[in-house]
>>> print(open('run.pdb').read())   # PDB, C-alpha atoms
MODEL        1
ATOM      1  CA  MET A   1      -8.818 -13.685   7.693  1.00  0.00           C
ATOM      2  CA  ASP A   2      -5.962 -13.232  10.128  1.00  0.00           C
ATOM      3  CA  LEU A   3      -7.196 -11.716  13.384  1.00  0.00           C
ATOM      4  CA  SER A   4      -4.709  -8.882  13.072  1.00  0.00           C
ATOM      5  CA  THR A   5      -6.319  -7.731   9.820  1.00  0.00           C
ATOM      6  CA  ILE A   6      -8.773  -4.964  10.565  1.00  0.00           C
ATOM      7  CA  THR A   7     -11.547  -3.916   8.198  1.00  0.00           C
ATOM      8  CA  ILE A   8     -12.077  -0.195   8.756  1.00  0.00           C
ATOM      9  CA  ARG A   9     -14.816   0.154   6.150  1.00  0.00           C
ATOM     10  CA  PRO A  10     -15.767  -1.879   3.089  1.00  0.00           C
ATOM     11  CA  GLY A  11     -12.756  -1.733   0.805  1.00  0.00           C
ATOM     12  CA  VAL A  12     -10.342  -0.524   3.487  1.00  0.00           C
ATOM     13  CA  ARG A  13      -8.319  -3.112   5.397  1.00  0.00           C
ATOM     14  CA  VAL A  14      -5.397  -2.542   7.740  1.00  0.00           C
ATOM     15  CA  VAL A  15      -2.642  -5.099   8.310  1.00  0.00           C
ATOM     16  CA  PRO A  16      -0.255  -3.901  11.041  1.00  0.00           C
ATOM     17  CA  LEU A  17       3.220  -5.272  10.321  1.00  0.00           C
ATOM     18  CA  ARG A  18       6.226  -5.231  12.598  1.00  0.00           C
ATOM     19  CA  THR A  19       8.770  -2.918  10.981  1.00  0.00           C
ATOM     20  CA  ALA A  20      12.102  -1.253  11.655  1.00  0.00           C
ATOM     21  CA  THR A  21      10.406   2.008  12.555  1.00  0.00           C
ATOM     22  CA  LEU A  22      11.288   4.682  15.084  1.00  0.00           C
ATOM     23  CA  PRO A  23      10.639   3.830  18.749  1.00  0.00           C
ATOM     24  CA  PRO A  24       8.367   3.766  20.592  1.00  0.00           C
ATOM     25  CA  ALA A  25       6.441   2.504  17.539  1.00  0.00           C
ATOM     26  CA  THR A  26       6.982  -1.135  16.548  1.00  0.00           C
ATOM     27  CA  HIS A  27       4.580  -1.536  13.624  1.00  0.00           C
ATOM     28  CA  THR A  28       3.602   0.220  10.407  1.00  0.00           C
ATOM     29  CA  ASN A  29       0.159  -0.245   8.915  1.00  0.00           C
ATOM     30  CA  THR A  30      -0.104  -1.759   5.477  1.00  0.00           C
ATOM     31  CA  ILE A  31      -3.413  -0.661   4.005  1.00  0.00           C
ATOM     32  CA  ILE A  32      -5.320  -2.630   1.379  1.00  0.00           C
ATOM     33  CA  VAL A  33      -7.849  -0.509  -0.516  1.00  0.00           C
ATOM     34  CA  GLY A  34     -10.392  -1.601  -3.079  1.00  0.00           C
ATOM     35  CA  PHE A  35     -13.604  -3.612  -3.312  1.00  0.00           C
ATOM     36  CA  GLU A  36     -12.677  -5.952  -6.184  1.00  0.00           C
ATOM     37  CA  GLU A  37      -9.322  -4.721  -7.418  1.00  0.00           C
ATOM     38  CA  LEU A  38      -6.897  -4.222  -4.564  1.00  0.00           C
ATOM     39  CA  TRP A  39      -4.064  -1.764  -4.046  1.00  0.00           C
ATOM     40  CA  ILE A  40      -1.528  -2.654  -1.345  1.00  0.00           C
ATOM     41  CA  VAL A  41      -0.295   0.519   0.323  1.00  0.00           C
ATOM     42  CA  ASP A  42       3.046   0.623   2.182  1.00  0.00           C
ATOM     43  CA  PRO A  43       4.237  -2.955   2.661  1.00  0.00           C
ATOM     44  CA  GLY A  44       7.109  -1.982   4.929  1.00  0.00           C
ATOM     45  CA  SER A  45       8.257  -5.009   6.876  1.00  0.00           C
ATOM     46  CA  PRO A  46      11.761  -6.394   6.360  1.00  0.00           C
ATOM     47  CA  TYR A  47      10.873  -9.468   8.450  1.00  0.00           C
ATOM     48  CA  SER A  48      10.028 -12.714   6.648  1.00  0.00           C
ATOM     49  CA  GLN A  49       7.347 -13.805   9.129  1.00  0.00           C
ATOM     50  CA  GLU A  50       5.488 -10.497   8.714  1.00  0.00           C
ATOM     51  CA  ARG A  51       5.837 -10.611   4.931  1.00  0.00           C
ATOM     52  CA  GLU A  52       4.440 -14.132   4.831  1.00  0.00           C
ATOM     53  CA  ARG A  53       1.528 -13.063   7.001  1.00  0.00           C
ATOM     54  CA  LEU A  54       0.731 -10.273   4.513  1.00  0.00           C
ATOM     55  CA  ALA A  55       1.029 -12.758   1.635  1.00  0.00           C
ATOM     56  CA  GLU A  56      -1.462 -15.061   3.386  1.00  0.00           C
ATOM     57  CA  VAL A  57      -3.943 -12.191   3.777  1.00  0.00           C
ATOM     58  CA  LEU A  58      -3.614 -11.371   0.069  1.00  0.00           C
ATOM     59  CA  GLU A  59      -3.999 -15.021  -0.946  1.00  0.00           C
ATOM     60  CA  GLU A  60      -7.174 -15.259   1.104  1.00  0.00           C
ATOM     61  CA  LEU A  61      -8.588 -12.111  -0.488  1.00  0.00           C
ATOM     62  CA  GLU A  62      -7.739 -13.470  -3.942  1.00  0.00           C
ATOM     63  CA  SER A  63      -9.429 -16.787  -3.101  1.00  0.00           C
ATOM     64  CA  GLN A  64     -12.567 -14.725  -2.411  1.00  0.00           C
ATOM     65  CA  GLY A  65     -12.417 -13.253  -5.924  1.00  0.00           C
ATOM     66  CA  ALA A  66     -10.381 -10.067  -5.407  1.00  0.00           C
ATOM     67  CA  CYS A  67      -7.531  -9.199  -7.762  1.00  0.00           C
ATOM     68  CA  VAL A  68      -4.402  -7.367  -6.612  1.00  0.00           C
ATOM     69  CA  LYS A  69      -3.561  -4.599  -9.091  1.00  0.00           C
ATOM     70  CA  GLY A  70      -0.410  -3.126  -7.574  1.00  0.00           C
ATOM     71  CA  ILE A  71       1.675  -1.864  -4.688  1.00  0.00           C
ATOM     72  CA  VAL A  72       1.513   1.808  -3.767  1.00  0.00           C
ATOM     73  CA  LEU A  73       4.241   3.522  -1.768  1.00  0.00           C
ATOM     74  CA  THR A  74       3.253   6.698   0.041  1.00  0.00           C
ATOM     75  CA  HIS A  75       6.908   7.655   0.455  1.00  0.00           C
ATOM     76  CA  HIS A  76      10.437   6.223   0.477  1.00  0.00           C
ATOM     77  CA  HIS A  77      11.061   5.528   4.180  1.00  0.00           C
ATOM     78  CA  ARG A  78      12.011   1.892   4.770  1.00  0.00           C
ATOM     79  CA  ASP A  79       9.270   1.253   7.328  1.00  0.00           C
ATOM     80  CA  HIS A  80       6.830   1.896   4.448  1.00  0.00           C
ATOM     81  CA  SER A  81       8.740   0.391   1.511  1.00  0.00           C
ATOM     82  CA  ALA A  82      10.970  -2.471   2.732  1.00  0.00           C
ATOM     83  CA  ALA A  83       8.789  -5.288   1.371  1.00  0.00           C
ATOM     84  CA  ALA A  84       7.843  -3.637  -1.938  1.00  0.00           C
ATOM     85  CA  THR A  85      10.394  -5.443  -4.100  1.00  0.00           C
ATOM     86  CA  TRP A  86       9.786  -8.784  -2.394  1.00  0.00           C
ATOM     87  CA  LEU A  87       6.013  -8.460  -2.788  1.00  0.00           C
ATOM     88  CA  SER A  88       6.280  -7.255  -6.381  1.00  0.00           C
ATOM     89  CA  GLU A  89       8.457 -10.211  -7.325  1.00  0.00           C
ATOM     90  CA  ARG A  90       6.271 -12.679  -5.439  1.00  0.00           C
ATOM     91  CA  GLY A  91       2.973 -11.523  -6.920  1.00  0.00           C
ATOM     92  CA  GLY A  92       4.091 -10.011 -10.207  1.00  0.00           C
ATOM     93  CA  TRP A  93       2.472  -6.707  -9.257  1.00  0.00           C
ATOM     94  CA  PRO A  94       3.821  -3.295 -10.274  1.00  0.00           C
ATOM     95  CA  VAL A  95       5.079  -0.769  -7.744  1.00  0.00           C
ATOM     96  CA  LEU A  96       3.612   2.735  -7.980  1.00  0.00           C
ATOM     97  CA  ALA A  97       4.949   5.881  -6.306  1.00  0.00           C
ATOM     98  CA  HIS A  98       5.556   9.595  -6.783  1.00  0.00           C
ATOM     99  CA  GLN A  99       8.536  10.584  -8.952  1.00  0.00           C
ATOM    100  CA  CYS A 100      10.495  11.846  -5.913  1.00  0.00           C
ATOM    101  CA  THR A 101       9.955   8.521  -4.147  1.00  0.00           C
ATOM    102  CA  ARG A 102      11.048   6.701  -7.288  1.00  0.00           C
ATOM    103  CA  GLU A 103      14.285   8.694  -7.308  1.00  0.00           C
ATOM    104  CA  HIS A 104      14.946   8.028  -3.601  1.00  0.00           C
ATOM    105  CA  LEU A 105      14.433   4.282  -4.064  1.00  0.00           C
ATOM    106  CA  ARG A 106      16.041   3.813  -7.498  1.00  0.00           C
ATOM    107  CA  GLU A 107      18.730   1.474  -6.094  1.00  0.00           C
ATOM    108  CA  GLU A 108      16.269  -0.619  -4.051  1.00  0.00           C
ATOM    109  CA  VAL A 109      12.839  -0.684  -5.685  1.00  0.00           C
ATOM    110  CA  ASN A 110      11.770  -0.736  -9.325  1.00  0.00           C
ATOM    111  CA  VAL A 111       8.906   1.763  -9.386  1.00  0.00           C
ATOM    112  CA  GLN A 112       7.140   0.863 -12.630  1.00  0.00           C
ATOM    113  CA  ARG A 113       4.482   3.585 -12.569  1.00  0.00           C
ATOM    114  CA  VAL A 114       4.800   7.158 -11.380  1.00  0.00           C
ATOM    115  CA  LEU A 115       1.809   8.644  -9.571  1.00  0.00           C
ATOM    116  CA  ALA A 116       1.004  12.345  -9.639  1.00  0.00           C
ATOM    117  CA  GLU A 117      -1.574  14.666  -8.114  1.00  0.00           C
ATOM    118  CA  GLY A 118      -4.972  13.907  -9.617  1.00  0.00           C
ATOM    119  CA  ASP A 119      -4.315  10.333 -10.713  1.00  0.00           C
ATOM    120  CA  VAL A 120      -7.062   7.886  -9.734  1.00  0.00           C
ATOM    121  CA  LEU A 121      -6.661   4.250  -8.697  1.00  0.00           C
ATOM    122  CA  SER A 122      -9.915   2.322  -9.062  1.00  0.00           C
ATOM    123  CA  GLY A 123     -10.857  -0.613  -6.900  1.00  0.00           C
ATOM    124  CA  SER A 124     -14.053  -1.222  -8.894  1.00  0.00           C
ATOM    125  CA  SER A 125     -16.548   0.749 -10.958  1.00  0.00           C
ATOM    126  CA  HIS A 126     -18.308   1.822  -7.768  1.00  0.00           C
ATOM    127  CA  PRO A 127     -18.092   5.589  -7.084  1.00  0.00           C
ATOM    128  CA  GLU A 128     -17.004   4.896  -3.488  1.00  0.00           C
ATOM    129  CA  ASP A 129     -13.972   2.984  -4.733  1.00  0.00           C
ATOM    130  CA  GLN A 130     -12.107   5.662  -6.690  1.00  0.00           C
ATOM    131  CA  TRP A 131      -8.895   6.572  -4.878  1.00  0.00           C
ATOM    132  CA  GLN A 132      -7.496   9.965  -5.830  1.00  0.00           C
ATOM    133  CA  VAL A 133      -3.772  10.599  -5.496  1.00  0.00           C
ATOM    134  CA  LEU A 134      -2.864  13.747  -3.580  1.00  0.00           C
ATOM    135  CA  HIS A 135       0.747  14.915  -3.427  1.00  0.00           C
ATOM    136  CA  THR A 136       1.352  15.920   0.195  1.00  0.00           C
ATOM    137  CA  PRO A 137       5.048  16.760   0.606  1.00  0.00           C
ATOM    138  CA  GLY A 138       6.317  17.505   4.073  1.00  0.00           C
ATOM    139  CA  HIS A 139       7.073  14.221   5.783  1.00  0.00           C
ATOM    140  CA  ALA A 140       8.916  13.337   2.566  1.00  0.00           C
ATOM    141  CA  SER A 141       9.247  15.221  -0.723  1.00  0.00           C
ATOM    142  CA  GLY A 142       7.375  12.532  -2.638  1.00  0.00           C
ATOM    143  CA  HIS A 143       4.727  11.833  -0.023  1.00  0.00           C
ATOM    144  CA  ILE A 144       1.277  10.995  -1.383  1.00  0.00           C
ATOM    145  CA  VAL A 145      -2.046  10.007   0.105  1.00  0.00           C
ATOM    146  CA  LEU A 146      -4.994   8.171  -1.396  1.00  0.00           C
ATOM    147  CA  TRP A 147      -8.272  10.030  -0.899  1.00  0.00           C
ATOM    148  CA  GLU A 148     -11.712   8.585  -1.507  1.00  0.00           C
ATOM    149  CA  PRO A 149     -13.960  11.680  -1.601  1.00  0.00           C
ATOM    150  CA  SER A 150     -17.383   9.992  -1.576  1.00  0.00           C
ATOM    151  CA  ARG A 151     -16.804   8.516   1.873  1.00  0.00           C
ATOM    152  CA  ARG A 152     -14.177  11.085   2.882  1.00  0.00           C
ATOM    153  CA  ILE A 153     -11.572   8.376   3.547  1.00  0.00           C
TER     154      ILE A 153
ENDMDL
END
>>> encode(input="run.pdb", output="structure tokens")
Amino acid sequence: MDLSTITIRPGVRVVPLRTATLPPATHTNTIIVGFEELWIVDPGSPYSQERERLAEVLEELESQGACVKGIVLTHHHRDHSAAATWLSERGGWPVLAHQCTREHLREEVNVQRVLAEGDVLSGSSHPEDQWQVLHTPGHASGHIVLWEPSRRI
């Protein structure tokens, strides 16, 4: 695995990607959740080298038996969504987001599945791999978080 991929806990990996974010920040974290079935959260880099690095991480995880199920956008800001269409087309994975995010991105990203408060994304049958969708508007009207209550992640 690429040295810049950080495993926080089993089923939670962080891939910091250089993005067009607000200074002084230079990177946005793409999070990969799931034990067996993976959800890619916030692939935001517009830069080809960073996108390819993320693709390599995903290919390695798939070679180990994992299966990518989809791309989740927490909100519409470009530093969180810029690579969603590219990644969806490359891997054939659907993009999921809140209805407000879908509306904000309608010209840029084809959000195939709308997520709402209470939806659950499973990474496996394991109870510690059930990611609940919480609608947390504030930063953006369609902002969501994924919450895994067993481990409080």
>>> resolve_selection(input="run.pdb", expression="the PyMOL selection byres ((chain A and resi 40-57) around 7)", output="MDAnalysis selection string")
chainID A and resid 1:2 17:19 28 30:33 38:39 58:61 70:74 78:84
>>> resolve_selection(input="run.pdb", expression="the PyMOL selection byres ((chain A and resi 117) around 7)", output="count of residues only")
6
>>> closest_residue(input="run.pdb", among="A:Val68, A:Leu115, A:Val109, A:Ile144", to="Gly92 (chain A)", atoms="only C-alpha atoms")
A:Val68
>>> residues_around(input="run.pdb", residues="Gly142 (chain A)", least_positions_apart="5", cutoff="9 Å", atoms="all atoms listed in the file", output="ChimeraX atom specification")
/A:74-76,97-102,104,135-137
>>> write_last_selection(input="run.pdb", atoms="C-alpha atoms", output="PDB file, in the frame of the given file")
ATOM      1  CA  THR A  74       3.253   6.698   0.041  1.00  0.00           C
ATOM      2  CA  HIS A  75       6.908   7.655   0.455  1.00  0.00           C
ATOM      3  CA  HIS A  76      10.437   6.223   0.477  1.00  0.00           C
ATOM      4  CA  ALA A  97       4.949   5.881  -6.306  1.00  0.00           C
ATOM      5  CA  HIS A  98       5.556   9.595  -6.783  1.00  0.00           C
ATOM      6  CA  GLN A  99       8.536  10.584  -8.952  1.00  0.00           C
ATOM      7  CA  CYS A 100      10.495  11.846  -5.913  1.00  0.00           C
ATOM      8  CA  THR A 101       9.955   8.521  -4.147  1.00  0.00           C
ATOM      9  CA  ARG A 102      11.048   6.701  -7.288  1.00  0.00           C
ATOM     10  CA  HIS A 104      14.946   8.028  -3.601  1.00  0.00           C
ATOM     11  CA  HIS A 135       0.747  14.915  -3.427  1.00  0.00           C
ATOM     12  CA  THR A 136       1.352  15.920   0.195  1.00  0.00           C
ATOM     13  CA  PRO A 137       5.048  16.760   0.606  1.00  0.00           C
TER      14      PRO A 137
END
>>> closest_residue(input="run.pdb", among="A:Val111, A:Val12, A:His27, A:Glu37", to="Arg151 (chain A)", atoms="all atoms listed in the file")
A:Val12
>>> closest_residue(input="run.pdb", among="A:Ser141, A:Glu89, A:Ser125, A:Phe35", to="Glu103 (chain A)", atoms="all atoms listed in the file")
A:Ser141
>>> atom_distance(input="run.pdb", atom1="CA of Leu146 (chain A)", atom2="CA of Ala25 (chain A)")
22.8 Å
>>> atom_distance(input="run.pdb", atom1="CA of Pro149 (chain A)", atom2="CA of Glu36 (chain A)")
18.3 Å
>>> atom_distance(input="run.pdb", atom1="CA of Thr85 (chain A)", atom2="CA of Glu108 (chain A)")
7.6 Å
>>> residues_around(input="run.pdb", residues="Ser122 (chain A)", least_positions_apart="3", cutoff="7 Å", atoms="all atoms listed in the file", output="MDAnalysis selection string")
chainID A and resid 129:131
>>> closest_residue(input="run.pdb", among="A:Pro23, A:Arg90, A:Ile6, A:Gly34", to="Gly123 (chain A)", atoms="all atoms listed in the file")
A:Gly34
>>> build_atoms(input="run.pdb", residues="region 99-116 of chain A", atoms="N, CA, C and O atoms", output="mmCIF file, in the frame of the given file")
data_model
loop_
_atom_site.group_PDB
_atom_site.id
_atom_site.type_symbol
_atom_site.label_atom_id
_atom_site.label_comp_id
_atom_site.auth_asym_id
_atom_site.auth_seq_id
_atom_site.Cartn_x
_atom_site.Cartn_y
_atom_site.Cartn_z
ATOM 1 N N GLN A 99 7.225 10.498 -8.309
ATOM 2 C CA GLN A 99 8.536 10.584 -8.952
ATOM 3 C C GLN A 99 9.661 10.800 -7.937
ATOM 4 O O GLN A 99 10.735 10.202 -8.057
ATOM 5 N N CYS A 100 9.448 11.624 -6.926
ATOM 6 C CA CYS A 100 10.495 11.846 -5.913
ATOM 7 C C CYS A 100 10.799 10.566 -5.144
ATOM 8 O O CYS A 100 11.959 10.276 -4.844
ATOM 9 N N THR A 101 9.762 9.797 -4.834
ATOM 10 C CA THR A 101 9.955 8.521 -4.147
ATOM 11 C C THR A 101 10.708 7.559 -5.061
ATOM 12 O O THR A 101 11.623 6.855 -4.615
ATOM 13 N N ARG A 102 10.347 7.544 -6.313
ATOM 14 C CA ARG A 102 11.048 6.701 -7.288
ATOM 15 C C ARG A 102 12.545 7.021 -7.302
ATOM 16 O O ARG A 102 13.385 6.123 -7.308
ATOM 17 N N GLU A 103 12.880 8.288 -7.295
ATOM 18 C CA GLU A 103 14.285 8.694 -7.308
ATOM 19 C C GLU A 103 14.996 8.277 -6.028
ATOM 20 O O GLU A 103 16.128 7.781 -6.075
ATOM 21 N N HIS A 104 14.342 8.438 -4.880
ATOM 22 C CA HIS A 104 14.946 8.028 -3.601
ATOM 23 C C HIS A 104 15.218 6.528 -3.551
ATOM 24 O O HIS A 104 16.195 6.092 -2.946
ATOM 25 N N LEU A 105 14.350 5.747 -4.161
ATOM 26 C CA LEU A 105 14.433 4.282 -4.064
ATOM 27 C C LEU A 105 15.050 3.613 -5.282
ATOM 28 O O LEU A 105 15.050 2.394 -5.378
ATOM 29 N N ARG A 106 15.590 4.370 -6.211
ATOM 30 C CA ARG A 106 16.041 3.813 -7.498
ATOM 31 C C ARG A 106 17.003 2.651 -7.362
ATOM 32 O O ARG A 106 17.045 1.781 -8.226
ATOM 33 N N GLU A 107 17.782 2.575 -6.290
ATOM 34 C CA GLU A 107 18.730 1.474 -6.094
ATOM 35 C C GLU A 107 18.086 0.259 -5.419
ATOM 36 O O GLU A 107 18.669 -0.815 -5.405
ATOM 37 N N GLU A 108 16.886 0.439 -4.852
ATOM 38 C CA GLU A 108 16.269 -0.619 -4.051
ATOM 39 C C GLU A 108 14.964 -1.165 -4.619
ATOM 40 O O GLU A 108 14.656 -2.339 -4.439
ATOM 41 N N VAL A 109 14.176 -0.305 -5.247
ATOM 42 C CA VAL A 109 12.839 -0.684 -5.685
ATOM 43 C C VAL A 109 12.638 -0.219 -7.123
ATOM 44 O O VAL A 109 12.944 0.920 -7.460
ATOM 45 N N ASN A 110 12.106 -1.103 -7.952
ATOM 46 C CA ASN A 110 11.770 -0.736 -9.325
ATOM 47 C C ASN A 110 10.345 -0.194 -9.344
ATOM 48 O O ASN A 110 9.387 -0.960 -9.376
ATOM 49 N N VAL A 111 10.224 1.131 -9.297
ATOM 50 C CA VAL A 111 8.906 1.763 -9.386
ATOM 51 C C VAL A 111 8.529 1.798 -10.863
ATOM 52 O O VAL A 111 9.136 2.510 -11.657
ATOM 53 N N GLN A 112 7.529 0.998 -11.225
ATOM 54 C CA GLN A 112 7.140 0.863 -12.630
ATOM 55 C C GLN A 112 6.177 1.941 -13.100
ATOM 56 O O GLN A 112 6.073 2.206 -14.289
ATOM 57 N N ARG A 113 5.440 2.548 -12.175
ATOM 58 C CA ARG A 113 4.482 3.585 -12.569
ATOM 59 C C ARG A 113 4.589 4.755 -11.613
ATOM 60 O O ARG A 113 4.534 4.581 -10.393
ATOM 61 N N VAL A 114 4.724 5.935 -12.175
ATOM 62 C CA VAL A 114 4.800 7.158 -11.380
ATOM 63 C C VAL A 114 3.391 7.701 -11.173
ATOM 64 O O VAL A 114 2.601 7.780 -12.123
ATOM 65 N N LEU A 115 3.097 8.051 -9.923
ATOM 66 C CA LEU A 115 1.809 8.644 -9.571
ATOM 67 C C LEU A 115 1.980 10.145 -9.368
ATOM 68 O O LEU A 115 2.984 10.586 -8.803
ATOM 69 N N ALA A 116 0.981 10.894 -9.792
ATOM 70 C CA ALA A 116 1.004 12.345 -9.639
ATOM 71 C C ALA A 116 -0.348 12.825 -9.122
ATOM 72 O O ALA A 116 -1.356 12.110 -9.214
#
